[in-house]
file run01.txt (compact mmCIF, C-alpha atoms)
# COMPACT_ATOMS: atom_id res chain seq x y z
CA MET T 1 108.77 125.88 200.94
CA ASN T 2 112.29 125.31 199.62
CA LYS T 3 113.15 121.81 198.53
CA SER T 4 116.05 120.31 200.50
CA ASN T 5 119.30 119.66 198.63
CA ASN T 6 120.35 117.11 201.24
CA PRO T 7 120.05 113.66 199.58
CA PHE T 8 119.71 112.07 203.02
CA ASP T 9 116.34 113.79 203.40
CA ASN T 10 114.96 111.37 200.82
CA ILE T 11 115.86 108.34 202.98
CA THR T 12 113.16 107.50 205.51
CA ILE T 13 113.85 104.52 207.74
CA ASP T 14 111.00 103.01 209.75
CA ASP T 15 109.74 99.55 210.73
CA ARG T 16 108.43 98.92 207.23
CA SER T 17 111.89 99.49 205.77
CA PHE T 18 113.08 96.06 206.87
CA ILE T 19 110.20 93.88 205.71
CA ARG T 20 111.42 90.94 203.62
CA LEU T 21 109.53 88.90 201.05
CA ASP T 22 110.91 85.76 202.69
CA ASP T 23 111.08 86.03 206.46
CA THR T 24 111.65 82.34 207.04
CA SER T 25 114.80 81.03 208.71
CA ASP T 26 118.04 82.61 207.47
CA GLU T 27 119.86 79.53 208.73
CA LEU T 28 117.78 77.37 206.40
CA PHE T 29 118.27 79.73 203.45
CA TYR T 30 122.08 79.73 203.80
CA GLN T 31 122.59 76.10 204.84
CA THR T 32 123.61 75.03 201.31
CA PRO T 33 127.08 76.42 200.50
CA ARG T 34 127.44 78.67 197.47
CA PHE T 35 131.04 78.58 196.27
CA VAL T 36 130.61 81.55 193.96
CA THR T 37 131.32 85.26 193.84
CA HIS T 38 128.21 87.42 193.78
CA ILE T 39 129.66 90.02 191.41
CA ASP T 40 131.49 89.46 188.13
CA ASP T 41 135.28 89.30 187.72
CA PRO T 42 135.84 92.98 186.77
CA ALA T 43 133.83 94.11 189.80
CA CYS T 44 135.76 91.70 192.03
CA ALA T 45 139.03 93.15 190.72
CA ALA T 46 137.77 96.71 191.31
CA LEU T 47 136.88 95.84 194.90
CA THR T 48 140.32 94.34 195.50
CA ASP T 49 141.95 97.46 194.07
CA TYR T 50 139.81 99.62 196.35
CA TYR T 51 140.78 97.60 199.39
CA ALA T 52 144.43 98.15 198.45
CA THR T 53 143.93 101.90 198.95
CA HIS T 54 142.05 101.61 202.25
CA LEU T 55 143.76 98.73 204.06
CA GLN T 56 147.27 98.61 205.46
CA ASN T 57 149.80 95.96 206.34
CA GLY T 58 149.35 95.02 209.98
CA ASP T 59 145.63 95.79 210.04
CA ARG T 60 143.34 93.65 212.15
CA ILE T 61 140.46 92.98 209.75
CA LEU T 62 136.92 91.80 210.44
CA ASP T 63 135.21 90.49 207.30
CA LEU T 64 131.51 90.48 208.15
CA MET T 65 128.96 88.55 206.07
CA SER T 66 131.82 86.86 204.26
CA SER T 67 131.94 83.67 202.22
CA CYS T 68 134.57 81.68 200.32
CA VAL T 69 136.40 84.84 199.16
CA SER T 70 137.35 88.09 200.91
CA HIS T 71 138.66 90.02 197.87
CA LEU T 72 141.76 91.15 199.78
CA PRO T 73 144.88 92.12 197.80
CA HIS T 74 147.30 89.20 197.64
CA ASP T 75 150.23 91.40 198.63
CA LEU T 76 148.47 92.72 201.74
CA SER T 77 149.92 91.46 205.03
CA PRO T 78 147.27 91.99 207.71
CA ARG T 79 147.93 91.02 211.30
CA THR T 80 144.78 88.94 211.31
CA VAL T 81 141.60 88.43 209.27
CA ILE T 82 138.53 87.13 211.09
CA GLY T 83 135.60 86.13 208.93
CA HIS T 84 131.92 85.93 209.75
CA GLY T 85 129.07 84.37 207.86
CA MET T 86 126.19 81.92 207.89
CA ASN T 87 127.81 78.91 206.24
CA ALA T 88 130.84 77.18 207.77
CA GLU T 89 131.77 75.34 204.57
CA GLU T 90 132.08 78.60 202.66
CA LEU T 91 134.20 80.19 205.37
CA ARG T 92 136.46 77.15 205.71
CA ALA T 93 137.12 77.39 201.97
CA ASN T 94 138.29 81.02 202.25
CA PRO T 95 142.11 80.99 202.20
CA GLN T 96 142.41 84.58 203.43
CA LEU T 97 140.73 83.98 206.78
CA ASP T 98 142.73 83.18 209.90
CA ASP T 99 139.58 82.25 211.80
CA TYR T 100 135.83 82.59 211.46
CA PHE T 101 132.57 82.45 213.38
CA ILE T 102 128.94 81.77 212.53
CA GLN T 103 126.26 84.17 213.75
CA ASN T 104 122.89 85.39 212.51
CA LEU T 105 123.23 89.16 212.88
CA ASN T 106 119.50 89.58 212.30
CA LYS T 107 118.86 87.61 215.50
CA ASN T 108 121.89 88.69 217.51
CA PRO T 109 123.81 91.78 216.36
CA VAL T 110 126.20 91.75 219.33
CA LEU T 111 129.69 90.93 218.06
CA PRO T 112 131.77 88.55 220.23
CA PHE T 113 134.78 90.85 220.56
CA GLU T 114 136.16 93.41 222.99
CA ARG T 115 136.36 97.11 222.24
CA ASP T 116 139.15 98.23 219.90
CA SER T 117 139.72 94.72 218.50
CA PHE T 118 139.97 95.68 214.81
CA ASP T 119 141.35 98.37 212.52
CA ALA T 120 138.97 97.71 209.63
CA CYS T 121 135.63 96.01 209.04
CA LEU T 122 134.46 94.91 205.60
CA ILE T 123 130.91 94.18 204.43
CA ALA T 124 130.96 93.14 200.78
CA VAL T 125 127.76 92.81 198.70
CA SER T 126 125.65 91.78 201.71
CA ILE T 127 124.44 94.93 203.46
CA GLN T 128 120.99 94.54 201.84
CA TYR T 129 120.20 91.54 204.06
CA LEU T 130 120.55 93.23 207.47
CA THR T 131 117.25 93.94 209.22
CA ASP T 132 118.85 96.24 211.82
CA PRO T 133 121.90 97.79 210.14
CA VAL T 134 122.11 100.72 212.56
CA ARG T 135 122.52 98.35 215.51
CA VAL T 136 125.09 96.29 213.60
CA PHE T 137 127.01 99.45 212.67
CA SER T 138 126.98 100.49 216.33
CA GLU T 139 128.53 97.15 217.23
CA ILE T 140 131.11 97.52 214.47
CA GLY T 141 131.99 100.91 215.86
CA ARG T 142 132.40 99.40 219.31
CA VAL T 143 134.92 96.79 218.16
CA LEU T 144 136.86 99.14 215.84
CA SER T 145 139.79 101.17 217.10
CA LEU T 146 139.50 104.97 216.94
CA GLY T 147 140.01 105.94 213.30
CA GLY T 148 139.17 102.42 212.16
CA ARG T 149 137.36 102.04 208.85
CA LEU T 150 134.04 100.43 208.00
CA ILE T 151 134.06 99.64 204.27
CA VAL T 152 130.68 98.70 202.81
CA SER T 153 130.51 97.69 199.15
CA PHE T 154 127.57 96.61 197.04
CA SER T 155 126.25 96.11 193.54
CA ASN T 156 122.73 95.86 192.16
CA ARG T 157 122.66 92.09 192.53
CA MET T 158 120.91 90.37 195.43
CA PHE T 159 118.70 87.57 196.62
CA PRO T 160 115.53 89.66 196.31
CA THR T 161 113.43 87.59 198.68
CA LYS T 162 115.95 88.14 201.51
CA ALA T 163 116.76 91.80 200.79
CA VAL T 164 114.95 94.34 202.96
CA ALA T 165 112.18 96.49 201.49
CA ILE T 166 114.06 99.79 201.56
CA TRP T 167 116.92 98.29 199.56
CA ARG T 168 114.56 96.93 196.93
CA SER T 169 112.92 100.36 196.59
CA LEU T 170 116.09 102.41 196.01
CA ASP T 171 118.44 102.95 193.06
CA ASP T 172 122.24 102.83 193.25
CA VAL T 173 122.63 106.38 194.57
CA GLY T 174 119.82 105.73 197.02
CA HIS T 175 121.69 102.67 198.27
CA GLN T 176 124.76 104.79 198.96
CA ASN T 177 122.71 107.37 200.82
CA TYR T 178 120.91 104.67 202.80
CA VAL T 179 124.18 103.13 203.99
CA ALA T 180 125.53 106.58 204.87
CA VAL T 181 122.37 107.36 206.86
CA CYS T 182 122.72 104.08 208.77
CA MET T 183 126.32 104.97 209.61
CA GLU T 184 125.23 108.43 210.75
CA GLN T 185 122.41 107.06 212.90
CA SER T 186 124.78 104.61 214.61
CA GLY T 187 126.56 107.61 216.12
CA MET T 188 129.96 105.97 215.67
CA PHE T 189 131.32 107.34 212.41
CA GLY T 190 132.28 110.64 210.81
CA ALA T 191 131.06 111.84 207.42
CA ALA T 192 130.78 108.96 204.98
CA GLU T 193 133.00 108.72 201.91
CA MET T 194 131.06 107.45 198.90
CA ALA T 195 132.57 106.18 195.64
CA ASP T 196 131.48 104.63 192.35
CA LEU T 197 133.92 101.76 191.73
CA SER T 198 132.14 100.39 188.67
CA PRO T 199 134.44 99.03 185.97
CA SER T 200 134.38 100.94 182.70
CA SER T 201 132.45 98.32 180.75
CA ARG T 202 128.75 99.20 180.64
CA PHE T 203 127.90 95.50 180.40
CA GLY T 204 129.47 94.50 183.72
CA ASP T 205 128.23 94.65 187.28
CA PRO T 206 128.24 98.10 188.88
CA LEU T 207 130.04 98.51 192.19
CA PHE T 208 129.72 101.17 194.87
CA SER T 209 131.23 101.80 198.28
CA VAL T 210 130.54 103.75 201.43
CA VAL T 211 133.33 104.16 203.97
CA GLY T 212 132.95 105.44 207.50
CA GLN T 213 135.78 106.18 209.90
CA LYS T 214 135.21 105.65 213.62
CA SER T 215 135.19 109.06 215.23
CA VAL T 216 134.15 108.45 218.85

call {"tool": "encode", "arguments": {"input": "run01.txt", "output": "structure tokens"}}
result
Amino acid sequence: MNKSNNPFDNITIDDRSFIRLDDTSDELFYQTPRFVTHIDDPACAALTDYYATHLQNGDRILDLMSSCVSHLPHDLSPRTVIGHGMNAEELRANPQLDDYFIQNLNKNPVLPFERDSFDACLIAVSIQYLTDPVRVFSEIGRVLSLGGRLIVSFSNRMFPTKAVAIWRSLDDVGHQNYVAVCMEQSGMFGAAEMADLSPSSRFGDPLFSVVGQKSV
């Protein structure tokens, strides 16, 4: 039997994939604000530079699983930026948000927006905490306009007790393939674009992205 060259064949998603070491209340875990960035300064700068190539002036942006910083370029002029997260204090402290809402996507993945409400959706260094990413990606696809972009970025840092099992079991390339598979399974996006955004220093945090464009 020939071995498959498709890297997605090595990603198997089942009910065990989303087991967490700590399955207690997410609301309790995130109730204390953390006014920090979860990647180092060079990685933050690399993410901002990447956004500059994928976001446009006038975009309607949804920043899912956000916090006190959105990493948007300072010279970007979006029409609106709506943030989402689990801690109101963090979101209130984010100067790039026009508005925000609190919602536990692991309990309720349905986004409170009409179809075609946004041109871009960002998920920065948080994808590892979703227990039903395919459903969330389907919802993102619903609220994005045709051709809208879902930009998922991540490093190798995490709260390990809240990260799902499949994330903890994979390496960096596996993480990219996993996110791409979730986009594919949502049925909303075309072929994923994957990139290594890691700064050149081997001592800093790595950074990776997966971008899907709404195709239906």

call {"tool": "closest_residue", "arguments": {"input": "run01.txt", "among": "T:Ile123, T:Val211, T:Ser155, T:Leu91", "to": "Ser198 (chain T)", "atoms": "all atoms listed in the file"}}
result
T:Ser155

call {"tool": "closest_atom_pairs", "arguments": {"input": "run01.txt", "of": "region 97-147 of chain T", "to": "region 37-52 of chain T", "cutoff": "10 Å", "atoms": "all atoms listed in the file", "output": "Markdown table"}}
result
| residue | atom | partner | partner_atom | distance |
| --- | --- | --- | --- | --- |
| T:Leu122 | CA | T:Tyr51 | CA | 9.3 |
| T:Ala124 | CA | T:Leu47 | CA | 8.8 |
| T:Val125 | CA | T:His38 | CA | 7.3 |
| T:Ser126 | CA | T:His38 | CA | 9.4 |

call {"tool": "closest_residue", "arguments": {"input": "run01.txt", "among": "T:Leu144, T:Arg149, T:Phe35, T:Lys107", "to": "Asn94 (chain T)", "atoms": "only C-alpha atoms"}}
result
T:Phe35

call {"tool": "closest_residue", "arguments": {"input": "run01.txt", "among": "T:Ser200, T:Ser209, T:Thr12, T:Ser17", "to": "Gln176 (chain T)", "atoms": "all atoms listed in the file"}}
result
T:Ser209

call {"tool": "residues_around", "arguments": {"input": "run01.txt", "residues": "Asp23 (chain T)", "least_positions_apart": "2", "cutoff": "10 Å", "atoms": "only C-alpha atoms", "output": "list in words"}}
result
Ile19, Arg20, Leu21, Ser25, Asp26, Thr161, Lys162, Ala163 and Val164 of chain T

call {"tool": "atom_distance", "arguments": {"input": "run01.txt", "atom1": "CA of Arg34 (chain T)", "atom2": "CA of Leu105 (chain T)"}}
result
19.1 Å

call {"tool": "atom_distance", "arguments": {"input": "run01.txt", "atom1": "CA of Asp205 (chain T)", "atom2": "CA of Arg157 (chain T)"}}
result
8.1 Å

call {"tool": "atom_distance", "arguments": {"input": "run01.txt", "atom1": "CA of Arg16 (chain T)", "atom2": "CA of Ser66 (chain T)"}}
result
26.5 Å

call {"tool": "residues_around", "arguments": {"input": "run01.txt", "residues": "Cys121 (chain T)", "least_positions_apart": "2", "cutoff": "8 Å", "atoms": "all atoms listed in the file", "output": "JSON, numbers by chain"}}
result
{"T": [61, 62, 63, 64, 118, 119, 123, 140, 144, 148, 149, 150, 151]}

call {"tool": "closest_residue", "arguments": {"input": "run01.txt", "among": "T:Val179, T:Leu28, T:Ala195, T:Val152", "to": "Asn104 (chain T)", "atoms": "all atoms listed in the file"}}
result
T:Leu28

call {"tool": "residues_around", "arguments": {"input": "run01.txt", "residues": "Val110 (chain T)", "least_positions_apart": "6", "cutoff": "12 Å", "atoms": "all atoms listed in the file", "output": "list in words"}}
result
Gln103, Asn104, Asp132, Pro133, Val134, Arg135, Val136, Phe137, Ser138, Glu139, Ile140, Gly141, Arg142 and Val143 of chain T

call {"tool": "closest_residue", "arguments": {"input": "run01.txt", "among": "T:Gly58, T:Ile13, T:Met183, T:Val69", "to": "Val36 (chain T)", "atoms": "all atoms listed in the file"}}
result
T:Val69

call {"tool": "axis_aligned_box", "arguments": {"input": "run01.txt", "around": "region 68-77 of chain T", "padding_each_side": "4 Å", "output": "lines of an AutoDock Vina configuration file"}}
result
center_x = 142.4
center_y = 87.2
center_z = 201.3
size_x = 23.7
size_y = 19.0
size_z = 15.4

call {"tool": "closest_residue", "arguments": {"input": "run01.txt", "among": "T:Ala88, T:Leu111, T:Val81, T:Ala180", "to": "Arg60 (chain T)", "atoms": "all atoms listed in the file"}}
result
T:Val81
